$ cat start34.txt   # compact mmCIF, C-alpha atoms
# COMPACT_ATOMS: atom_id res chain seq x y z
CA MET A 1 7.86 -95.25 -39.48
CA SER A 2 6.25 -97.86 -37.25
CA ASP A 3 9.35 -98.11 -35.02
CA ARG A 4 9.64 -94.33 -34.93
CA GLN A 5 6.00 -93.98 -33.90
CA LEU A 6 6.44 -96.51 -31.16
CA THR A 7 9.43 -94.55 -29.85
CA LEU A 8 7.36 -91.39 -29.87
CA GLU A 9 4.53 -93.02 -27.95
CA ASP A 10 6.94 -94.43 -25.38
CA ALA A 11 8.65 -91.06 -24.96
CA LEU A 12 5.33 -89.29 -24.48
CA LYS A 13 4.10 -91.90 -22.02
CA LEU A 14 7.29 -91.61 -19.97
CA ALA A 15 7.15 -87.82 -20.07
CA VAL A 16 3.59 -87.86 -18.78
CA GLU A 17 4.54 -90.26 -15.99
CA HIS A 18 7.39 -87.97 -14.95
CA HIS A 19 5.05 -85.01 -15.13
CA LYS A 20 2.41 -86.62 -12.94
CA SER A 21 4.95 -87.72 -10.37
CA GLY A 22 6.38 -84.21 -10.05
CA GLN A 23 9.63 -84.87 -11.93
CA ILE A 24 9.18 -81.67 -13.91
CA GLN A 25 12.68 -81.33 -15.33
CA GLU A 26 12.72 -84.89 -16.69
CA ALA A 27 9.28 -84.40 -18.21
CA GLU A 28 10.29 -81.11 -19.81
CA LYS A 29 13.38 -82.69 -21.41
CA LEU A 30 11.27 -85.43 -22.98
CA TYR A 31 8.59 -83.01 -24.23
CA ARG A 32 11.26 -80.85 -25.82
CA ALA A 33 12.90 -83.91 -27.39
CA ILE A 34 9.56 -84.86 -28.93
CA LEU A 35 9.07 -81.33 -30.30
CA GLN A 36 12.49 -81.39 -31.94
CA SER A 37 11.23 -84.17 -34.21
CA PHE A 38 7.53 -83.24 -34.21
CA PRO A 39 7.23 -79.45 -33.66
CA LYS A 40 3.42 -79.51 -33.88
CA HIS A 41 2.83 -82.45 -31.57
CA ALA A 42 -0.28 -81.26 -29.71
CA ASP A 43 0.14 -83.13 -26.42
CA ALA A 44 3.83 -82.27 -26.09
CA ASN A 45 3.15 -78.58 -26.80
CA HIS A 46 0.23 -78.49 -24.42
CA ASN A 47 2.04 -80.24 -21.57
CA LEU A 48 5.13 -78.09 -22.02
CA GLY A 49 2.91 -75.03 -21.75
CA VAL A 50 1.35 -76.44 -18.60
CA ILE A 51 4.80 -76.98 -17.09
CA ALA A 52 5.67 -73.35 -17.80
CA SER A 53 2.56 -72.32 -15.87
CA GLN A 54 3.41 -74.63 -13.00
CA VAL A 55 6.85 -73.10 -12.54
CA GLY A 56 5.53 -69.53 -12.71
CA LYS A 57 6.52 -68.78 -16.30
CA VAL A 58 3.03 -68.53 -17.75
CA GLU A 59 3.94 -66.08 -20.51
CA LEU A 60 6.61 -68.45 -21.84
CA GLY A 61 4.07 -71.26 -21.96
CA LEU A 62 1.44 -69.40 -23.98
CA PRO A 63 2.95 -70.07 -27.43
CA TYR A 64 3.00 -73.82 -26.70
CA LEU A 65 -0.60 -73.80 -25.46
CA LYS A 66 -1.70 -71.81 -28.48
CA LEU A 67 0.05 -74.16 -30.92
CA ALA A 68 -1.53 -77.18 -29.24
CA LEU A 69 -4.96 -75.62 -29.66
CA GLU A 70 -4.34 -74.69 -33.29
CA THR A 71 -3.12 -78.20 -34.01
CA ASN A 72 -6.09 -79.94 -32.39
CA PRO A 73 -9.05 -77.57 -31.74
CA GLN A 74 -11.28 -80.59 -31.05
CA ASN A 75 -9.62 -81.10 -27.68
CA PHE A 76 -11.49 -78.95 -25.17
CA VAL A 77 -8.71 -79.29 -22.62
CA TYR A 78 -6.50 -77.24 -24.93
CA TRP A 79 -9.09 -74.45 -25.08
CA LEU A 80 -9.33 -74.31 -21.31
CA SER A 81 -5.58 -74.45 -20.72
CA TYR A 82 -4.88 -71.65 -23.20
CA ALA A 83 -7.71 -69.53 -21.78
CA GLU A 84 -6.42 -70.07 -18.24
CA GLY A 85 -2.91 -69.15 -19.31
CA LEU A 86 -4.15 -65.93 -20.87
CA LEU A 87 -6.13 -65.10 -17.75
CA VAL A 88 -3.23 -65.70 -15.37
CA SER A 89 -1.06 -63.56 -17.67
CA GLY A 90 -3.39 -60.62 -17.13
CA LYS A 91 -5.18 -60.83 -20.47
CA PRO A 92 -8.87 -61.13 -19.53
CA LYS A 93 -10.16 -59.68 -22.81
CA GLU A 94 -8.18 -62.19 -24.85
CA THR A 95 -9.44 -64.88 -22.48
CA LEU A 96 -13.04 -63.97 -23.24
CA GLU A 97 -12.34 -64.05 -26.98
CA ILE A 98 -10.86 -67.55 -26.79
CA LEU A 99 -13.69 -68.83 -24.59
CA SER A 100 -16.23 -67.33 -26.98
CA GLN A 101 -14.60 -69.15 -29.88
CA GLY A 102 -14.48 -72.34 -27.85
CA LYS A 103 -18.17 -72.08 -26.99
CA LYS A 104 -18.98 -72.11 -30.70
CA GLN A 105 -17.13 -75.43 -30.86
CA GLY A 106 -19.18 -76.81 -27.96
CA LEU A 107 -16.96 -75.81 -25.04
CA SER A 108 -18.83 -75.74 -21.71
CA GLY A 109 -18.65 -77.03 -18.16
CA THR A 110 -17.67 -75.93 -14.68
CA LYS A 111 -14.17 -74.73 -15.52
CA TYR A 112 -15.44 -72.86 -18.57
CA ASP A 113 -17.98 -71.08 -16.35
CA TYR A 114 -15.31 -70.25 -13.77
CA LEU A 115 -12.88 -68.86 -16.35
CA ILE A 116 -15.45 -66.73 -18.13
CA ASN A 117 -16.77 -65.28 -14.87
CA LYS A 118 -13.25 -64.62 -13.59
CA ALA A 119 -12.30 -62.95 -16.88
CA ARG A 120 -15.32 -60.66 -16.64
CA GLU A 121 -14.43 -59.81 -13.04
CA ASP A 122 -10.87 -58.99 -14.04
CA ILE A 123 -12.07 -56.74 -16.84
CA ARG A 124 -14.31 -54.86 -14.42
CA ALA A 125 -11.41 -54.61 -12.01
CA MET A 126 -9.25 -53.12 -14.74
CA GLU A 127 -11.95 -50.60 -15.57
CA ASN A 128 -12.71 -49.79 -11.91
CA PRO A 129 -9.65 -49.78 -9.65
CA LEU A 130 -11.92 -50.11 -6.62
CA PHE A 131 -13.65 -53.24 -7.85
CA LEU A 132 -11.60 -55.54 -5.61
CA ALA A 133 -12.60 -53.63 -2.48
CA LEU A 134 -16.24 -53.63 -3.55
CA SER A 135 -16.07 -57.35 -4.22
CA LEU A 136 -14.60 -58.03 -0.77
CA TRP A 137 -17.29 -55.91 0.88
CA LYS A 138 -20.02 -57.72 -1.02
CA LYS A 139 -18.68 -61.03 0.26
CA GLY A 140 -18.96 -59.76 3.83
CA GLU A 141 -15.20 -59.25 4.23
CA ALA A 142 -15.46 -55.73 5.64
CA GLU A 143 -12.03 -55.40 7.27
CA PRO A 144 -10.08 -56.68 4.23
CA ALA A 145 -12.06 -54.27 2.03
CA ILE A 146 -11.30 -51.34 4.31
CA HIS A 147 -7.65 -52.35 4.64
CA TRP A 148 -7.37 -52.52 0.84
CA LEU A 149 -8.89 -49.06 0.46
CA TYR A 150 -6.63 -47.56 3.12
CA ASP A 151 -3.66 -48.99 1.26
CA PHE A 152 -5.02 -47.61 -2.01
CA VAL A 153 -5.60 -44.08 -0.70
CA GLY A 154 -2.16 -44.20 0.85
CA LYS A 155 -0.79 -44.55 -2.66
CA HIS A 156 -3.41 -42.27 -4.23
CA PRO A 157 -4.20 -39.64 -1.57
CA ASN A 158 -6.12 -37.42 -3.98
CA ASP A 159 -8.46 -40.11 -5.30
CA SER A 160 -11.81 -38.72 -4.15
CA GLN A 161 -13.73 -41.79 -5.32
CA ALA A 162 -11.61 -44.11 -3.18
CA LEU A 163 -11.91 -41.80 -0.17
CA SER A 164 -15.67 -41.58 -0.64
CA GLN A 165 -15.99 -45.35 -0.84
CA LEU A 166 -13.82 -45.82 2.23
CA GLY A 167 -15.93 -43.35 4.19
CA GLU A 168 -19.10 -45.12 3.10
CA PHE A 169 -17.75 -48.48 4.26
CA LEU A 170 -16.59 -47.09 7.60
CA ARG A 171 -19.97 -45.57 8.41
CA HIS A 172 -21.48 -49.07 8.41
CA LEU A 173 -19.23 -50.16 11.27
CA ASP A 174 -19.94 -49.36 14.90
CA GLY A 175 -17.29 -47.25 16.52
CA ARG A 176 -15.89 -45.95 13.23
CA TRP A 177 -18.34 -43.17 12.42
CA GLU A 178 -15.97 -40.35 13.41
CA GLU A 179 -13.32 -41.97 11.24
CA SER A 180 -15.83 -42.03 8.40
CA VAL A 181 -16.56 -38.31 8.81
CA LYS A 182 -12.89 -37.38 8.55
CA ILE A 183 -12.39 -39.51 5.44
CA LEU A 184 -15.48 -38.10 3.74
CA GLU A 185 -14.41 -34.54 4.55
CA ARG A 186 -11.12 -35.27 2.78
CA ALA A 187 -13.06 -36.51 -0.25
CA ILE A 188 -15.25 -33.40 -0.29
CA LYS A 189 -12.25 -31.07 -0.17
CA ILE A 190 -10.87 -32.77 -3.26
CA ARG A 191 -14.15 -32.96 -5.14
CA LYS A 192 -16.99 -30.66 -4.15
CA ASP A 193 -19.48 -31.85 -6.80
CA SER A 194 -20.00 -35.48 -5.78
CA ALA A 195 -23.61 -36.01 -4.72
CA ILE A 196 -22.86 -39.56 -3.56
CA THR A 197 -20.12 -38.34 -1.23
CA PHE A 198 -22.43 -35.73 0.31
CA LEU A 199 -25.08 -38.44 0.72
CA SER A 200 -22.65 -40.63 2.68
CA TYR A 201 -21.47 -37.60 4.64
CA GLY A 202 -25.01 -36.61 5.57
CA THR A 203 -25.86 -40.16 6.55
CA VAL A 204 -22.96 -40.57 8.95
CA LEU A 205 -23.58 -37.11 10.44
CA ARG A 206 -27.15 -38.20 11.07
CA GLN A 207 -25.87 -41.39 12.72
CA LEU A 208 -23.76 -39.21 15.03
CA GLY A 209 -26.75 -37.04 15.91
CA ARG A 210 -25.36 -33.99 14.12
CA LYS A 211 -28.70 -33.15 12.53
CA LYS A 212 -28.09 -29.60 11.37
CA GLU A 213 -24.90 -30.56 9.58
CA ALA A 214 -26.61 -33.62 8.07
CA ILE A 215 -29.40 -31.43 6.69
CA VAL A 216 -26.83 -29.17 5.02
CA ALA A 217 -25.08 -32.21 3.51
CA PHE A 218 -28.31 -33.72 2.15
CA ARG A 219 -29.33 -30.36 0.68
CA ARG A 220 -25.96 -30.14 -1.02
CA ALA A 221 -26.35 -33.66 -2.44
CA LEU A 222 -29.75 -32.75 -3.89
CA ALA A 223 -28.44 -29.48 -5.30
CA ILE A 224 -25.84 -31.48 -7.22
CA ASN A 225 -28.21 -34.29 -8.22
CA PRO A 226 -31.92 -33.48 -7.81
CA LYS A 227 -32.80 -37.08 -8.68
CA LEU A 228 -30.86 -38.61 -5.80
CA TYR A 229 -33.91 -40.00 -4.04
CA GLU A 230 -31.96 -41.37 -1.05
CA ALA A 231 -30.87 -37.84 -0.15
CA ALA A 232 -34.42 -36.53 -0.59
CA ASN A 233 -35.83 -39.28 1.62
CA ASP A 234 -33.24 -38.83 4.37
CA LEU A 235 -33.56 -35.06 4.31
CA ALA A 236 -37.34 -35.38 4.54
CA GLY A 237 -36.94 -37.60 7.60
CA LEU A 238 -34.82 -35.03 9.40
CA LEU A 239 -37.14 -32.17 8.51
CA PHE A 240 -40.12 -34.20 9.71
CA GLU A 241 -38.39 -34.73 13.05
CA ASP A 242 -37.88 -30.96 13.30
CA ASP A 243 -41.58 -30.34 12.54
CA ASN A 244 -40.80 -28.86 9.15
CA VAL A 245 -43.63 -31.01 7.86
CA GLU A 246 -44.64 -29.23 4.66
CA GLU A 247 -41.13 -29.38 3.20
CA ALA A 248 -40.88 -32.99 4.31
CA ILE A 249 -44.10 -33.73 2.43
CA ARG A 250 -42.77 -32.10 -0.73
CA LEU A 251 -39.60 -34.18 -0.51
CA TYR A 252 -41.49 -37.42 0.17
CA GLU A 253 -43.68 -36.67 -2.84
CA LYS A 254 -40.53 -36.17 -4.87
CA VAL A 255 -39.21 -39.53 -3.71
CA CYS A 256 -42.45 -41.29 -4.66
CA THR A 257 -42.24 -39.69 -8.12
CA LEU A 258 -38.61 -40.66 -8.62
CA ILE A 259 -39.06 -44.22 -7.31
CA PRO A 260 -42.72 -45.16 -7.77
CA ASN A 261 -44.43 -48.22 -6.34
CA ILE A 262 -42.25 -48.62 -3.24
CA ALA A 263 -44.53 -49.09 -0.23
CA VAL A 264 -42.22 -47.71 2.46
CA PHE A 265 -41.88 -44.38 0.67
CA TYR A 266 -45.66 -44.00 0.49
CA MET A 267 -45.91 -44.84 4.20
CA ASN A 268 -43.41 -42.06 4.94
CA LEU A 269 -45.48 -39.65 2.88
CA ALA A 270 -48.74 -40.79 4.51
CA THR A 271 -47.28 -40.25 7.97
CA ALA A 272 -46.19 -36.72 7.09
CA LEU A 273 -49.57 -35.92 5.50
CA ALA A 274 -51.36 -37.16 8.60
CA LYS A 275 -49.20 -34.97 10.84
CA ALA A 276 -50.14 -32.00 8.67
CA ASP A 277 -53.84 -32.88 9.17
CA ARG A 278 -54.22 -33.60 5.46
CA LEU A 279 -56.17 -36.69 6.40
CA ALA A 280 -57.90 -37.49 3.10
CA GLU A 281 -54.57 -37.46 1.27
CA ALA A 282 -52.94 -39.40 4.08
CA GLU A 283 -55.61 -42.10 3.89
CA ALA A 284 -55.31 -42.51 0.13
CA THR A 285 -51.53 -42.62 0.33
CA ALA A 286 -51.51 -45.12 3.19
CA GLN A 287 -53.96 -47.36 1.36
CA LYS A 288 -51.68 -47.26 -1.68
CA ALA A 289 -48.73 -48.26 0.49
CA TYR A 290 -50.76 -51.17 1.84
CA ARG A 291 -51.62 -52.36 -1.68
CA LEU A 292 -48.01 -52.12 -2.77
CA ASP A 293 -46.65 -54.00 0.24
CA THR A 294 -47.31 -57.45 -1.18
CA ASP A 295 -44.67 -59.24 0.92
CA GLY A 296 -45.00 -57.23 4.13
CA SER A 297 -41.41 -56.03 3.95
CA SER A 298 -42.23 -52.36 4.52
CA GLY A 299 -44.55 -52.91 7.46
CA ALA A 300 -47.50 -51.32 5.68
CA SER A 301 -50.10 -53.47 7.43
CA MET A 302 -53.68 -52.35 7.91
CA GLY A 303 -52.87 -51.79 11.57
CA CYS A 304 -50.03 -49.52 10.59
CA VAL A 305 -52.28 -47.69 8.13
CA ARG A 306 -54.92 -47.11 10.81
CA LYS A 307 -52.21 -45.84 13.20
CA VAL A 308 -51.11 -43.27 10.62
CA LEU A 309 -54.71 -42.11 10.26
$ encode --input "start34.txt" --output "structure tokens"
Amino acid sequence: MSDRQLTLEDALKLAVEHHKSGQIQEAEKLYRAILQSFPKHADANHNLGVIASQVGKVELGLPYLKLALETNPQNFVYWLSYAEGLLVSGKPKETLEILSQGKKQGLSGTKYDYLINKAREDIRAMENPLFLALSLWKKGEAEPAIHWLYDFVGKHPNDSQALSQLGEFLRHLDGRWEESVKILERAIKIRKDSAITFLSYGTVLRQLGRKKEAIVAFRRALAINPKLYEAANDLAGLLFEDDNVEEAIRLYEKVCTLIPNIAVFYMNLATALAKADRLAEAEATAQKAYRLDTDGSSGASMGCVRKVL
């Protein structure tokens, strides 16, 4: 037994050396030779599973990684390798389950954090086909996000959600507002009950100076979702510009009710009240905006308050 064990140790050591030096085929032969005599040898199973991943055959390596983990659950490397294999194989839910089990055993660290966050991202991506585009946009990669969405709507031309999101992205880019309008109009033709799409549509029409059409779009958004405060606020702004002050006041009041304690919304309301010569209400509202503006982000300074009054 002593001689046999020595042979095993030498074989494993040589296999690892081959593996580290990139001699994958030689390493694989030695790992498999070890497993012929010791089918549950943890290191040989684990390393054979790693080789499978390295050569792009992740699925084939999973049984070896799993057996290594089952044989020696005290080795955290085995937990991480199996979890990574599951993740690369497109099994994020199973990945989370394994990582959760590993955490109970004390598993932690940078790679653990990376894998669990990536698994959660992949699950969200599976649940929301547009998640990748949203993620790219959030990272500041506007063109890749738009390119991805154009590719997606090319394959799914009747996906109103994708069209709506593409139109929303485009309206943030100078020189692409007309493009945004056309995309959003396509989305509206497919789905006429999306308040968010009408909100984006109204916003880009306003950017283009097409006020009357923007007002219609914002009204439509509010008709679909009366609690969509962004549409109420933007519609109020357009009506205020057209001297339809009383309706603007009602909408600004609605916004302040829907989203209380936001200084900028109270400043909008105070400005409209002042224009309507409802000065006592305007003063009280402006003072409230000033009290709420603790960090100065809304511009509700005392000077601004006095200007409103």
$ closest_residue --input "start34.txt" --among "A:Ala27, A:Glu59, A:Pro157, A:Leu8" --to "Asn47 of chain A" --atoms "only C-alpha atoms"
A:Ala27
$ residues_around --input "start34.txt" --residues "segment 49-52 of chain A" --least-positions-apart "4" --cutoff "7 Å" --atoms "only C-alpha atoms" --output "list in words"
Asn45, Gly56, Lys57, Val58, Leu60, Gly61, Leu62, Tyr64 and Leu65 of chain A
$ residues_around --input "start34.txt" --residues "Lys212 of chain A" --least-positions-apart "3" --cutoff "12 Å" --atoms "all atoms listed in the file" --output "compact mmCIF listing (two decimals) with C-alpha atoms, in the coordinates of the input"
# COMPACT_ATOMS: atom_id res chain seq x y z
CA GLY A 202 -25.01 -36.61 5.57
CA THR A 203 -25.86 -40.16 6.55
CA LEU A 205 -23.58 -37.11 10.44
CA ARG A 206 -27.15 -38.20 11.07
CA LEU A 208 -23.76 -39.21 15.03
CA GLY A 209 -26.75 -37.04 15.91
CA ILE A 215 -29.40 -31.43 6.69
CA VAL A 216 -26.83 -29.17 5.02
CA ALA A 217 -25.08 -32.21 3.51
CA PHE A 218 -28.31 -33.72 2.15
CA ARG A 219 -29.33 -30.36 0.68
CA LEU A 235 -33.56 -35.06 4.31
CA LEU A 238 -34.82 -35.03 9.40
CA LEU A 239 -37.14 -32.17 8.51
CA GLU A 241 -38.39 -34.73 13.05
CA ASP A 242 -37.88 -30.96 13.30
$ residues_around --input "start34.txt" --residues "segment 179-189 of chain A" --least-positions-apart "4" --cutoff "6 Å" --atoms "only C-alpha atoms" --output "number ranges by chain"
A: 160, 163-164, 167, 170-171
$ residues_around --input "start34.txt" --residues "segment 96-103 of chain A" --least-positions-apart "3" --cutoff "9 Å" --atoms "only C-alpha atoms" --output "list in words"
Pro73, Phe76, Trp79, Leu80, Tyr82, Ala83, Leu87, Lys91, Pro92, Lys93, Gly106, Leu107, Ser108, Tyr112, Leu115, Ile116, Ala119 and Arg120 of chain A
$ decode --input "start34.txt" --residues "segment 31-87 of chain A" --atoms "C-alpha atoms" --output "CSV table (one decimal), in the first residue's frame"
chain,number,residue,atom,x,y,z
A,31,TYR,CA,-5.7,12.3,-14.1
A,32,ARG,CA,-7.8,9.6,-15.9
A,33,ALA,CA,-5.2,6.9,-15.0
A,34,ILE,CA,-5.5,7.9,-11.3
A,35,LEU,CA,-9.3,7.8,-11.5
A,36,GLN,CA,-9.2,4.3,-12.9
A,37,SER,CA,-7.7,3.1,-9.7
A,38,PHE,CA,-9.2,5.7,-7.4
A,39,PRO,CA,-12.6,6.9,-8.9
A,40,LYS,CA,-13.3,9.3,-6.0
A,41,HIS,CA,-9.9,10.9,-5.9
A,42,ALA,CA,-10.9,14.5,-5.2
A,43,ASP,CA,-7.9,16.4,-6.8
A,44,ALA,CA,-7.9,14.2,-9.9
A,45,ASN,CA,-11.7,14.7,-10.4
A,46,HIS,CA,-11.5,18.4,-9.8
A,47,ASN,CA,-8.5,19.0,-12.1
A,48,LEU,CA,-10.1,16.9,-14.8
A,49,GLY,CA,-13.2,19.0,-14.5
A,50,VAL,CA,-11.1,22.1,-14.8
A,51,ILE,CA,-9.4,20.8,-17.9
A,52,ALA,CA,-12.8,20.2,-19.5
A,53,SER,CA,-13.7,23.9,-18.8
A,54,GLN,CA,-10.4,25.1,-20.3
A,55,VAL,CA,-11.0,23.3,-23.6
A,56,GLY,CA,-14.6,24.6,-23.8
A,57,LYS,CA,-16.4,21.4,-22.7
A,58,VAL,CA,-17.7,22.7,-19.4
A,59,GLU,CA,-20.8,20.5,-19.3
A,60,LEU,CA,-18.6,17.4,-19.6
A,61,GLY,CA,-16.5,18.6,-16.7
A,62,LEU,CA,-19.4,19.2,-14.3
A,63,PRO,CA,-19.8,15.6,-13.0
A,64,TYR,CA,-16.1,15.6,-12.1
A,65,LEU,CA,-16.3,18.9,-10.3
A,66,LYS,CA,-19.4,17.7,-8.5
A,67,LEU,CA,-17.8,14.5,-7.4
A,68,ALA,CA,-14.7,16.3,-6.1
A,69,LEU,CA,-16.9,18.5,-4.0
A,70,GLU,CA,-18.9,15.6,-2.6
A,71,THR,CA,-15.7,13.8,-1.8
A,72,ASN,CA,-14.1,16.7,0.0
A,73,PRO,CA,-16.6,19.5,0.9
A,74,GLN,CA,-14.0,21.1,3.2
A,75,ASN,CA,-12.1,22.4,0.2
A,76,PHE,CA,-13.5,25.7,-0.8
A,77,VAL,CA,-11.8,25.7,-4.2
A,78,TYR,CA,-14.1,22.8,-5.1
A,79,TRP,CA,-17.1,24.8,-4.2
A,80,LEU,CA,-16.0,27.7,-6.4
A,81,SER,CA,-15.0,25.6,-9.3
A,82,TYR,CA,-18.3,23.7,-9.4
A,83,ALA,CA,-20.2,27.0,-9.0
A,84,GLU,CA,-18.3,28.6,-11.8
A,85,GLY,CA,-18.8,25.5,-14.0
A,86,LEU,CA,-22.6,25.7,-13.4
A,87,LEU,CA,-22.6,29.4,-14.2
